[in-house]
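Below is the file model_18.cif, which contains mmCIF, C-alpha atoms.
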data_final
loop_
_atom_site.label_atom_id
_atom_site.label_comp_id
_atom_site.auth_asym_id
_atom_site.auth_seq_id
_atom_site.Cartn_x
_atom_site.Cartn_y
_atom_site.Cartn_z
CA MET A 248 -104.28 -85.52 15.23
CA ASN A 249 -107.91 -85.02 14.23
CA LYS A 250 -108.63 -83.73 17.72
CA TRP A 251 -105.94 -81.06 17.38
CA LEU A 252 -107.22 -80.06 13.94
CA ALA A 253 -110.72 -79.66 15.39
CA VAL A 254 -109.37 -77.48 18.20
CA LEU A 255 -107.42 -75.39 15.69
CA ALA A 256 -110.53 -74.97 13.52
CA MET A 257 -112.54 -73.87 16.55
CA VAL A 258 -109.90 -71.30 17.48
CA ILE A 259 -109.80 -69.94 13.93
CA LEU A 260 -113.59 -69.77 13.71
CA ALA A 261 -113.87 -68.12 17.11
CA SER A 262 -111.27 -65.57 16.04
CA CYS A 263 -113.26 -64.42 13.01
CA THR A 264 -114.51 -60.89 13.37
CA SER A 265 -118.13 -59.91 13.03
CA ILE A 266 -119.73 -56.55 12.37
CA ASP A 267 -121.93 -55.54 15.29
CA CYS A 268 -123.75 -52.38 14.33
CA SER A 269 -127.06 -51.42 15.92
CA ILE A 270 -130.07 -52.82 14.09
CA ASN A 271 -131.70 -49.41 14.29
CA ASN A 272 -129.22 -46.73 13.30
CA LEU A 273 -131.84 -44.05 12.66
CA VAL A 274 -131.85 -41.19 15.13
CA ARG A 275 -135.22 -39.44 15.04
CA THR A 276 -137.31 -37.21 17.26
CA ARG A 277 -140.59 -38.74 18.39
CA PHE A 278 -143.61 -36.45 18.76
CA GLN A 279 -146.95 -37.13 20.39
CA PHE A 280 -150.19 -35.17 20.12
CA THR A 281 -151.55 -34.75 23.62
CA ASN A 282 -154.69 -33.26 25.16
CA SER A 283 -154.82 -31.08 28.24
CA ALA A 284 -155.35 -34.17 30.42
CA GLY A 285 -152.02 -35.57 29.23
CA ASP A 286 -153.52 -38.36 27.12
CA SER A 287 -152.40 -39.04 23.57
CA ILE A 288 -154.90 -38.07 20.88
CA SER A 289 -155.25 -38.68 17.17
CA LEU A 290 -155.54 -35.89 14.62
CA LYS A 291 -158.51 -35.89 12.30
CA ASP A 292 -156.76 -33.58 9.86
CA THR A 293 -154.13 -34.76 7.45
CA LEU A 294 -150.66 -33.84 8.65
CA THR A 295 -147.69 -33.08 6.43
CA VAL A 296 -144.39 -31.79 7.78
CA VAL A 297 -141.78 -30.07 5.65
CA THR A 298 -138.49 -28.58 6.64
CA THR A 299 -136.20 -25.85 5.44
CA ARG A 300 -133.03 -27.25 3.97
CA LYS A 301 -129.69 -25.66 3.25
CA ASP A 302 -130.78 -24.81 -0.30
CA GLY A 303 -133.98 -23.19 1.07
CA SER A 304 -136.10 -25.64 -0.95
CA GLN A 305 -139.10 -25.51 1.40
CA LYS A 306 -139.36 -21.77 0.99
CA ILE A 307 -138.99 -21.84 -2.78
CA ILE A 308 -141.26 -24.71 -3.60
CA PHE A 309 -142.99 -27.55 -1.78
CA THR A 310 -140.45 -30.07 -3.01
CA SER A 311 -140.63 -33.74 -2.26
CA ASP A 312 -137.13 -33.64 -0.79
CA SER A 313 -138.19 -31.19 1.90
CA ILE A 314 -141.19 -33.29 3.00
CA ILE A 315 -140.23 -35.30 6.05
CA TYR A 316 -143.71 -36.55 7.00
CA ASN A 317 -146.27 -36.97 4.26
CA LYS A 318 -150.08 -36.93 4.52
CA GLY A 319 -150.44 -38.73 7.84
CA VAL A 320 -154.06 -39.45 8.74
CA GLY A 321 -155.16 -40.08 12.33
CA THR A 322 -151.69 -39.17 13.49
CA CYS A 323 -151.02 -39.76 17.18
CA LYS A 324 -147.30 -40.44 17.52
CA PHE A 325 -144.79 -39.94 14.75
CA ASN A 326 -141.04 -39.76 14.18
CA LEU A 327 -139.23 -37.01 12.32
CA PRO A 328 -135.58 -36.91 11.29
CA ILE A 329 -133.29 -34.55 13.15
CA SER A 330 -130.39 -32.72 11.53
CA HIS A 331 -126.93 -34.01 12.36
CA THR A 332 -125.24 -30.81 13.42
CA HIS A 333 -127.42 -27.81 12.58
CA PRO A 334 -128.05 -25.87 15.81
CA GLU A 335 -131.76 -25.35 15.12
CA ASP A 336 -134.19 -27.29 12.90
CA GLU A 337 -137.18 -25.56 11.31
CA LEU A 338 -140.22 -27.81 10.91
CA VAL A 339 -143.36 -26.57 9.16
CA PHE A 340 -146.55 -28.42 10.11
CA HIS A 341 -149.39 -28.36 7.57
CA PHE A 342 -152.76 -29.35 9.10
CA ILE A 343 -155.06 -29.97 6.13
CA GLY A 344 -158.78 -30.59 6.70
CA GLU A 345 -161.74 -30.62 4.32
CA LYS A 346 -162.00 -26.84 4.30
CA VAL A 347 -159.01 -25.64 6.27
CA HIS A 348 -155.27 -25.53 5.82
CA ILE A 349 -153.45 -24.29 8.89
CA VAL A 350 -149.70 -23.92 9.04
CA ASP A 351 -147.53 -23.80 12.15
CA THR A 352 -143.76 -23.65 12.35
CA LEU A 353 -141.58 -25.21 15.06
CA TRP A 354 -137.99 -24.28 15.71
CA ILE A 355 -136.13 -26.90 17.70
CA ALA A 356 -132.79 -25.90 19.21
CA LYS A 357 -130.43 -28.71 20.17
CA GLU A 358 -126.93 -29.79 21.04
CA ASP A 359 -125.32 -32.53 18.94
CA TYR A 360 -122.94 -35.28 20.05
CA PRO A 361 -121.10 -37.60 17.65
CA HIS A 362 -121.86 -41.23 18.40
CA PHE A 363 -119.46 -44.06 17.59
CA GLU A 364 -120.04 -47.81 17.56
CA SER A 365 -117.34 -49.25 15.32
CA VAL A 366 -115.31 -48.31 12.28
CA ASP A 367 -117.62 -50.65 10.33
CA CYS A 368 -120.77 -48.75 11.32
CA ASN A 369 -122.05 -45.55 9.81
CA THR A 370 -121.47 -42.35 11.70
CA GLY A 371 -124.31 -40.92 13.71
CA TYR A 372 -125.21 -38.14 16.08
CA PHE A 373 -127.16 -38.18 19.30
CA HIS A 374 -128.82 -34.97 20.44
CA LYS A 375 -130.04 -33.04 23.44
CA LEU A 376 -133.09 -30.87 22.77
CA THR A 377 -132.61 -27.54 24.50
CA ALA A 378 -135.55 -25.33 23.44
CA ILE A 379 -138.63 -25.23 21.24
CA ARG A 380 -140.48 -22.16 19.98
CA HIS A 381 -143.43 -22.20 17.62
CA THR A 382 -146.24 -20.25 16.01
CA HIS A 383 -149.70 -20.52 17.56
CA ASN A 384 -152.13 -20.93 14.68
CA CYS A 385 -153.16 -24.46 15.51
CA LEU A 386 -150.72 -25.29 18.27
CA ASP A 387 -151.38 -24.27 21.85
CA SER A 388 -148.08 -25.38 23.31
CA VAL A 389 -145.18 -27.71 22.65
CA VAL A 390 -143.23 -29.28 25.51
CA ILE A 391 -139.96 -31.24 25.59
CA VAL A 392 -140.63 -34.27 27.79
CA ASN A 393 -137.41 -36.15 27.10
CA PRO A 394 -134.51 -34.09 25.74
CA SER A 395 -132.20 -37.00 24.92
CA VAL A 396 -132.62 -38.13 21.30
CA THR A 397 -130.86 -41.42 20.50
CA ASN A 398 -131.49 -44.41 18.24
CA ASP A 399 -134.22 -45.63 20.61
CA ASP A 400 -137.24 -44.85 18.45
CA GLN A 401 -139.87 -45.71 21.08
CA VAL A 402 -139.09 -42.83 23.43
CA VAL A 403 -141.39 -39.81 23.06
CA HIS A 404 -139.39 -36.60 23.17
CA VAL A 405 -141.94 -33.89 22.49
CA HIS A 406 -145.61 -33.45 23.44
CA ILE A 407 -147.67 -31.26 21.09
CA TYR A 408 -150.83 -29.71 22.53
CA PRO A 409 -153.17 -28.57 19.70
CA LYS A 410 -155.67 -25.76 20.37
CA ILE A 411 -158.55 -27.99 19.49
CA SER A 412 -158.35 -31.66 20.34
CA ASN A 413 -159.42 -32.82 16.89
CA MET B 82 -145.00 -84.06 58.21
CA THR B 83 -146.06 -84.48 54.63
CA ILE B 84 -144.21 -86.52 52.01
CA LYS B 85 -143.31 -83.21 50.37
CA SER B 86 -141.55 -82.03 53.56
CA TYR B 87 -139.60 -85.31 53.87
CA MET B 88 -138.47 -85.01 50.26
CA SER B 89 -137.45 -81.40 50.78
CA ILE B 90 -135.31 -82.31 53.84
CA PHE B 91 -133.77 -85.26 51.97
CA ILE B 92 -132.84 -83.08 48.98
CA ARG B 93 -131.42 -80.36 51.24
CA ARG B 94 -129.28 -82.85 53.22
CA SER B 95 -128.06 -84.53 50.03
CA ALA B 96 -127.10 -81.19 48.51
CA ILE B 97 -125.18 -80.12 51.64
CA SER B 98 -123.35 -83.47 51.81
CA LEU B 99 -122.43 -83.23 48.13
CA LEU B 100 -121.16 -79.67 48.55
CA LEU B 101 -119.01 -80.68 51.55
CA LEU B 102 -117.57 -83.60 49.59
CA VAL B 103 -116.76 -81.39 46.58
CA ALA B 104 -115.24 -78.74 48.85
CA ALA B 105 -113.01 -81.28 50.62
CA THR B 106 -111.85 -82.84 47.33
CA SER B 107 -111.33 -79.42 45.77
CA ALA B 108 -109.32 -78.17 48.79
CA GLN B 109 -107.06 -81.22 48.55
CA ALA B 110 -106.56 -80.66 44.82
CA GLN B 111 -105.88 -76.97 45.38
CA MET B 112 -103.20 -77.73 48.00
CA LYS B 113 -101.52 -80.09 45.53
CA PHE B 114 -101.74 -77.51 42.72
CA PHE B 115 -100.10 -74.76 44.75
CA SER B 116 -97.42 -76.88 46.43
CA MET B 117 -93.93 -77.21 44.92
CA GLN B 118 -92.09 -80.44 44.20
CA LYS B 119 -89.63 -81.31 46.92
CA ASP B 120 -86.15 -81.79 45.43
CA SER B 121 -82.65 -80.30 45.55
CA ILE B 122 -83.28 -77.70 42.81
CA PRO B 123 -83.08 -74.14 44.23
CA LEU B 124 -86.18 -71.90 44.30
CA PHE B 125 -84.79 -69.07 42.16
CA ARG B 126 -83.81 -70.35 38.72
CA GLY B 127 -83.22 -67.07 36.87
CA PHE B 128 -84.97 -64.69 34.49
CA ALA B 129 -86.15 -64.88 30.91
CA VAL B 130 -86.98 -62.07 28.52
CA SER B 131 -89.25 -62.55 25.54
CA PHE B 132 -90.65 -60.70 22.56
CA ASP B 133 -93.97 -61.36 20.85
CA MET B 134 -93.78 -61.81 17.07
CA VAL B 135 -97.55 -62.04 16.43
CA GLY B 136 -98.22 -58.49 17.66
CA ALA B 137 -95.26 -57.18 15.66
CA GLY B 138 -96.54 -59.02 12.57
CA LEU B 139 -99.99 -57.54 13.05
CA MET B 140 -98.43 -54.12 13.38
CA MET B 141 -96.59 -54.57 10.07
CA PHE B 142 -99.37 -56.16 8.01
CA SER B 143 -102.64 -54.84 9.45
CA ASP B 144 -104.21 -51.67 10.81
CA TYR B 145 -103.45 -52.45 14.41
CA GLY B 146 -101.03 -54.42 16.52
CA GLN B 147 -98.55 -54.16 19.32
CA TYR B 148 -94.90 -54.46 20.19
CA GLU B 149 -94.77 -56.48 23.38
CA GLY B 150 -91.97 -57.73 25.60
CA ALA B 151 -91.98 -59.67 28.83
CA LEU B 152 -89.81 -60.37 31.81
CA ARG B 153 -90.42 -63.74 33.48
CA VAL B 154 -89.01 -64.98 36.78
CA ASN B 155 -88.38 -68.72 37.10
CA LEU B 156 -89.23 -70.14 40.52
CA HIS B 157 -88.18 -73.78 40.73
CA ASP B 158 -89.23 -74.35 37.08
CA GLU B 159 -92.81 -74.48 38.37
CA TRP B 160 -94.05 -70.97 38.98
CA PHE B 161 -93.28 -68.05 36.69
CA PRO B 162 -94.33 -64.56 37.83
CA ILE B 163 -94.37 -62.42 34.69
CA PHE B 164 -94.51 -58.76 33.76
CA GLU B 165 -95.51 -57.90 30.20
CA ALA B 166 -95.43 -54.43 28.67
CA GLY B 167 -95.88 -53.06 25.20
CA ILE B 168 -97.11 -50.34 22.93
CA GLY B 169 -100.39 -50.90 21.11
CA LYS B 170 -101.27 -48.88 18.03
CA ALA B 171 -104.16 -48.60 15.62
CA LYS B 172 -104.49 -46.50 12.50
CA HIS B 173 -107.52 -47.58 10.52
CA GLU B 174 -109.07 -45.82 7.54
CA ASP B 175 -112.31 -47.50 6.55
CA GLU B 176 -113.05 -47.52 2.83
CA VAL B 177 -116.80 -47.96 3.32
CA THR B 178 -117.63 -45.66 6.23
CA PHE B 179 -114.67 -43.28 5.64
CA LEU B 180 -113.93 -43.32 9.36
CA ASN B 181 -110.37 -42.79 10.58
CA TYR B 182 -109.56 -44.33 13.95
CA SER B 183 -106.19 -43.83 15.59
CA THR B 184 -104.70 -44.50 18.98
CA SER B 185 -101.29 -45.31 20.42
CA ALA B 186 -100.50 -46.05 24.04
CA PRO B 187 -98.44 -48.25 26.35
CA TYR B 188 -100.05 -51.07 28.28
CA PHE B 189 -98.99 -53.31 31.13
CA LYS B 190 -99.83 -56.82 32.23
CA ILE B 191 -98.86 -58.68 35.35
CA GLY B 192 -99.54 -62.30 36.15
CA ILE B 193 -98.20 -65.74 36.87
CA ASP B 194 -97.80 -69.01 34.94
CA LYS B 195 -97.65 -72.55 36.28
CA ASN B 196 -95.68 -75.27 34.52
CA MET B 197 -98.17 -78.11 34.13
CA LEU B 198 -95.73 -80.77 32.91
CA ARG B 199 -94.92 -83.67 35.22
CA ASP B 200 -91.20 -83.28 34.40
CA LYS B 201 -90.82 -79.75 35.76
CA HIS B 202 -87.10 -79.44 35.15
CA GLY B 203 -87.08 -80.63 31.54
CA PRO B 204 -86.25 -78.41 28.54
CA ASN B 205 -89.90 -77.83 27.55
CA ARG B 206 -92.83 -76.38 29.46
CA LEU B 207 -96.59 -76.27 29.26
CA TYR B 208 -98.00 -73.19 30.95
CA LEU B 209 -101.34 -72.35 32.46
CA GLY B 210 -101.52 -68.78 33.69
CA LEU B 211 -103.45 -65.64 34.52
CA ARG B 212 -102.88 -61.99 33.64
CA TYR B 213 -104.27 -58.67 34.72
CA GLY B 214 -103.90 -55.95 32.08
CA PHE B 215 -104.31 -52.18 32.17
CA THR B 216 -103.98 -49.34 29.70
CA SER B 217 -104.75 -45.64 29.69
CA TYR B 218 -105.00 -44.21 26.20
CA LYS B 219 -106.46 -41.51 24.00
CA ILE B 220 -108.28 -41.94 20.71
CA ASP B 221 -109.08 -39.82 17.68
CA ILE B 222 -111.99 -40.64 15.39
CA THR B 223 -112.65 -38.47 12.37
CA ARG B 224 -114.23 -38.60 8.96
CA PRO B 225 -114.28 -36.12 6.08
CA ASP B 226 -117.16 -33.64 5.98
CA TYR B 227 -120.32 -34.91 4.33
CA PRO B 228 -123.74 -33.40 3.58
CA ASP B 229 -126.56 -34.11 6.02
CA PRO B 230 -128.82 -36.52 4.10
CA THR B 231 -132.02 -34.51 4.75
CA TRP B 232 -130.90 -30.94 5.36
CA LEU B 233 -127.76 -30.87 3.17
CA TRP B 234 -125.80 -28.83 5.71
CA ASP B 235 -122.11 -29.75 5.74
CA THR B 236 -121.53 -32.14 8.62
CA SER B 237 -118.20 -32.70 10.24
CA TYR B 238 -117.55 -35.68 12.49
CA SER B 239 -114.72 -35.78 14.96
CA ILE B 240 -114.04 -37.23 18.38
CA ASN B 241 -110.61 -35.96 19.37
CA ASP B 242 -108.19 -36.68 22.18
CA VAL B 243 -110.70 -38.63 24.25
CA ALA B 244 -109.15 -40.22 27.34
CA CYS B 245 -110.07 -43.86 28.07
CA LYS B 246 -109.04 -46.50 30.58
CA TYR B 247 -109.38 -50.27 30.20
CA HIS B 248 -108.82 -53.15 32.63
CA TRP B 249 -108.91 -56.78 31.60
CA ALA B 250 -107.96 -60.33 32.60
CA GLU B 251 -106.48 -63.14 30.51
CA ILE B 252 -106.35 -66.90 30.93
CA VAL B 253 -103.20 -68.14 29.23
CA VAL B 254 -102.30 -71.57 27.88
CA GLY B 255 -98.84 -71.73 26.39
CA ILE B 256 -95.94 -73.92 25.40
CA ASP B 257 -92.25 -73.18 25.56
CA ALA B 258 -89.62 -75.33 23.82
CA LYS B 259 -85.88 -75.05 24.18
CA LEU B 260 -84.03 -74.74 20.85
CA PHE B 261 -80.41 -74.43 21.90
CA GLY B 262 -78.44 -72.59 24.56
CA PRO B 263 -80.59 -69.92 26.19
CA LEU B 264 -82.97 -69.66 23.20
CA HIS B 265 -86.57 -70.87 23.53
CA LEU B 266 -89.59 -70.48 21.29
CA GLY B 267 -93.15 -70.54 22.57
CA TRP B 268 -96.79 -70.16 21.65
CA SER B 269 -99.59 -68.96 23.86
CA VAL B 270 -103.34 -68.73 23.37
CA ARG B 271 -105.22 -66.29 25.54
CA TYR B 272 -108.85 -65.93 26.51
CA LYS B 273 -109.52 -62.29 27.34
CA GLN B 274 -112.23 -60.80 29.49
CA ARG B 275 -112.93 -57.12 29.98
CA LEU B 276 -113.12 -56.19 33.69
CA SER B 277 -113.98 -52.52 33.42
CA HIS B 278 -113.59 -49.55 31.14
CA SER B 279 -114.21 -45.84 31.25
CA GLU B 280 -114.38 -43.26 28.53
CA GLU B 281 -114.42 -39.50 28.76
CA GLY B 282 -117.77 -38.21 27.50
CA ASN B 283 -120.79 -40.06 26.21
CA TRP B 284 -119.88 -40.86 22.61
CA GLY B 285 -119.94 -44.66 22.55
CA THR B 286 -117.31 -47.31 22.99
CA PRO B 287 -113.79 -47.62 21.54
CA TRP B 288 -113.04 -49.95 18.63
CA TYR B 289 -109.43 -50.87 19.41
CA VAL B 290 -107.83 -50.95 22.86
CA PRO B 291 -104.00 -51.01 23.04
CA GLY B 292 -102.80 -54.38 24.32
CA PHE B 293 -106.28 -55.88 24.38
CA GLY B 294 -107.23 -55.73 20.72
CA THR B 295 -110.60 -54.87 19.29
CA TYR B 296 -113.16 -53.94 21.93
CA ASP B 297 -115.13 -57.19 22.11
CA THR B 298 -112.37 -59.60 21.19
CA LYS B 299 -112.14 -62.77 23.29
CA LEU B 300 -109.17 -64.68 21.89
CA GLY B 301 -105.57 -63.73 21.28
CA ALA B 302 -102.31 -65.47 20.56
CA THR B 303 -98.61 -64.79 20.90
CA PHE B 304 -95.52 -66.37 19.38
CA ASN B 305 -92.62 -65.65 21.66
CA VAL B 306 -88.89 -65.62 21.17
CA ILE B 307 -87.52 -66.25 24.67
CA ILE B 308 -84.01 -65.86 26.00
CA ASP B 309 -83.01 -67.22 29.39
CA ILE B 310 -80.82 -64.91 31.40
#

As C-alpha cells, how would this structure be written, given the file I've shared?
Amino acid sequence: MNKWLAVLAMVILASCTSIDCSINNLVRTRFQFTNSAGDSISLKDTLTVVTTRKDGSQKIIFTSDSIIYNKGVGTCKFNLPISHTHPEDELVFHFIGEKVHIVDTLWIAKEDYPHFESVDCNTGYFHKLTAIRHTHNCLDSVVIVNPSVTNDDQVVHVHIYPKISN
Amino acid sequence: MTIKSYMSIFIRRSAISLLLLVAATSAQAQMKFFSMQKDSIPLFRGFAVSFDMVGAGLMMFSDYGQYEGALRVNLHDEWFPIFEAGIGKAKHEDEVTFLNYSTSAPYFKIGIDKNMLRDKHGPNRLYLGLRYGFTSYKIDITRPDYPDPTWLWDTSYSINDVACKYHWAEIVVGIDAKLFGPLHLGWSVRYKQRLSHSEEGNWGTPWYVPGFGTYDTKLGATFNVIIDI
C-alpha cells in the first residue's frame, strides 16, 4: 500500500506545473565603439544617451525619464533599450569632455516581431535592425553588424566609429 | 605486447561476449513478448469504444482540455490496436500578464496495447502500449494595448492565425475492469514525448497543443468509460 502511495505522490509531484520564463527577458541593442582597425575602444569622454519619447520629453527638457544611458565613463560596449513597436528610434548621444559637449543623433529603423514564451511570461518583442542614419559631429560612421536583436545581451549589434579614437 | 594491450583485449572480448549474451536473451524475451497464447479462442474478439472523462473534466473546469474518444480492436484478448481522436481546446486569459491564448483543433493518435496479465481472457486487463499522435492547429495570442515602458508609444501585441504542427509519442500503462455486461471502466497514465514540431514564423513556441497538453508536459492521464461492441 505504501508503495502505491509513493508512486501516486511521485505522479502528482511530477504533474505539477512550473513557470519557465527566460532568466533574461530584456531585449536591448548592444553598441560597441570601434576604431578603424576594427578593434573595440574606450571613450575618454562621459557618454549620456537620451531618447525622444511619445510626449517629446527629450526635446522639452532633459528629463530623467528620457535618459537611457547615464554618464558612462570609459564606455566601450553598452546596451540601450529598443522600443517595442515604434518603426524608428531616435537616440541622442551627448559626448561630454572637460571643455567640450558634442551631440550626435542616431535614428535606428527596425522591424518588430512579437515574441512568445508562455502565458505566464511577460510579452516581448524581437527586432531586425534595417537602417541607421546619424549626424556627423563626433561620429564618423555607424554600422549594423548583427541586425537580429533578441534577449541575448552579449551579441553586439552596432559598431560606432568615432571621428577621433578618444 | 604490454600488460596494457592484454588488458585492452580482455576488456574488449568481455564486452563483446556480454553484448552477445544480452542480445540472445533479449531476442528470446522479445519472441515471447510478441507471440500469442495458443488456445481455442479466435483471433478477432470484437471492438470497444471508449470516451475519456479526464479531458472532458479539464475542458469543463479549466482553461484547456479535450474531448477524446477511441476505437479499440481486440485481437485474442492480448493485442489491442487502437485509434484515438479528439478535439483539444484552450482559451486562457492570464490575470497577471493579460495574455489571451486560444486554439481549437482535432488531433489523432494511433497505437497498440498489449494485455500484460497472465490470465488473458479474464474480465480485467492491464495494458502496456504505445501511441503516435499528430495535430495540425492554429493559435491566436493577443493582449490589450499597453504603453511602451520607455517610449510610451501605444504597443499592441498579437500573433494571429499562426499554423502549427506537432508530432508526439506516448507510452501508456492502463487498467481496464469489467463492471457488468459490455461496460468497462479504465485508467491510463501516459508518458509523452515530443517528436517534432513546426510553427509558422519565428515568434516562439506554443503554450498548449491540442491533444498533447501544455508544450513541455510529460505526463497525462485518462479515465475511460469503455463499451464492448

Picked residues, the PyMOL selection byres ((chain B and resi 129-135) around 6), as JSON, numbers by chain: {"B": [128, 136, 137, 138, 149, 150, 151, 152, 153, 303, 304, 305, 306, 307, 308, 309, 310]}

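On the file presented, the PyMOL selection byres ((chain B) within 6 of (chain A)) picks out Thr178, Leu180, Trp232, Leu233, Trp234, Trp284, Gly285 and Trp288 of chain B.
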
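For the pair atom CA of B:Leu266 and atom CA of B:Gly203, the interatomic distance is 14.6 Å.
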
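Between atom CA of A:Lys410 and atom CA of A:Lys357 the separation is 25.4 Å.
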
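Relative to atom CA of A:Phe325, atom CA of A:Gly285 is found at 16.8 Å.
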
Exactly which residues make up the result of the PyMOL selection byres ((chain B and resi 145) around 12) on this file, given as a PyMOL selection string? chain B and resi 135-144+146-148+168-174+182-186+288-295

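For the choices B:Ile163, B:Leu300, B:Asn181, B:His157, the atom-to-atom distance to B:Asp120 is smallest for B:His157 when using only C-alpha atoms.
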
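Nearest to A:Asp387 of all the residues A:Asn272, A:Asn282, A:Thr322, A:Thr293 is A:Asn282, based on all atoms listed in the file.
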
Would you list the residues near (-110.9, -63.6, 21.6) (no more than 7 Å away, in the coordinates of the file, using all atoms listed in the file) as a PyMOL selection string? (chain A and resi 262) or (chain B and resi 272-273+298-301)

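Residues in contact with stretch 341-349 of chain A at 8 Å, where all atoms listed in the file are counted and same-chain residues fewer than 3 positions away are skipped, are listed as Lys291, Asp292, Thr293, Leu294, Thr295, Val296, Asn384 and Cys385 of chain A.
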
Env of B:Ile256: 9 Å cut, atoms = only C-alpha atoms, seq-sep filter 4 positions within chain, self excluded. Answer as a PDB file with C-alpha atoms, keeping the file's coordinate frame.
ATOM      1  CA  ASN B 205     -89.900 -77.830  27.550  1.00  0.00           C
ATOM      2  CA  ARG B 206     -92.830 -76.380  29.460  1.00  0.00           C
ATOM      3  CA  LEU B 207     -96.590 -76.270  29.260  1.00  0.00           C
ATOM      4  CA  TYR B 208     -98.000 -73.190  30.950  1.00  0.00           C
ATOM      5  CA  LEU B 266     -89.590 -70.480  21.290  1.00  0.00           C
ATOM      6  CA  GLY B 267     -93.150 -70.540  22.570  1.00  0.00           C
ATOM      7  CA  TRP B 268     -96.790 -70.160  21.650  1.00  0.00           C
ATOM      8  CA  SER B 269     -99.590 -68.960  23.860  1.00  0.00           C
TER       9      SER B 269
END

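Proximity of A:Val297, A:Asp286, A:Ala356, A:Lys318 to A:His381, computed with only C-alpha atoms, is greatest for A:Ala356.
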
Long-range neighbours of A:Leu376 as an NGL selection string, 12 Å cut-off, all atoms listed in the file, 6 positions minimum in chain: :A and (275-277 or 329-330 or 334-336 or 354-360 or 390-397 or 404-405)
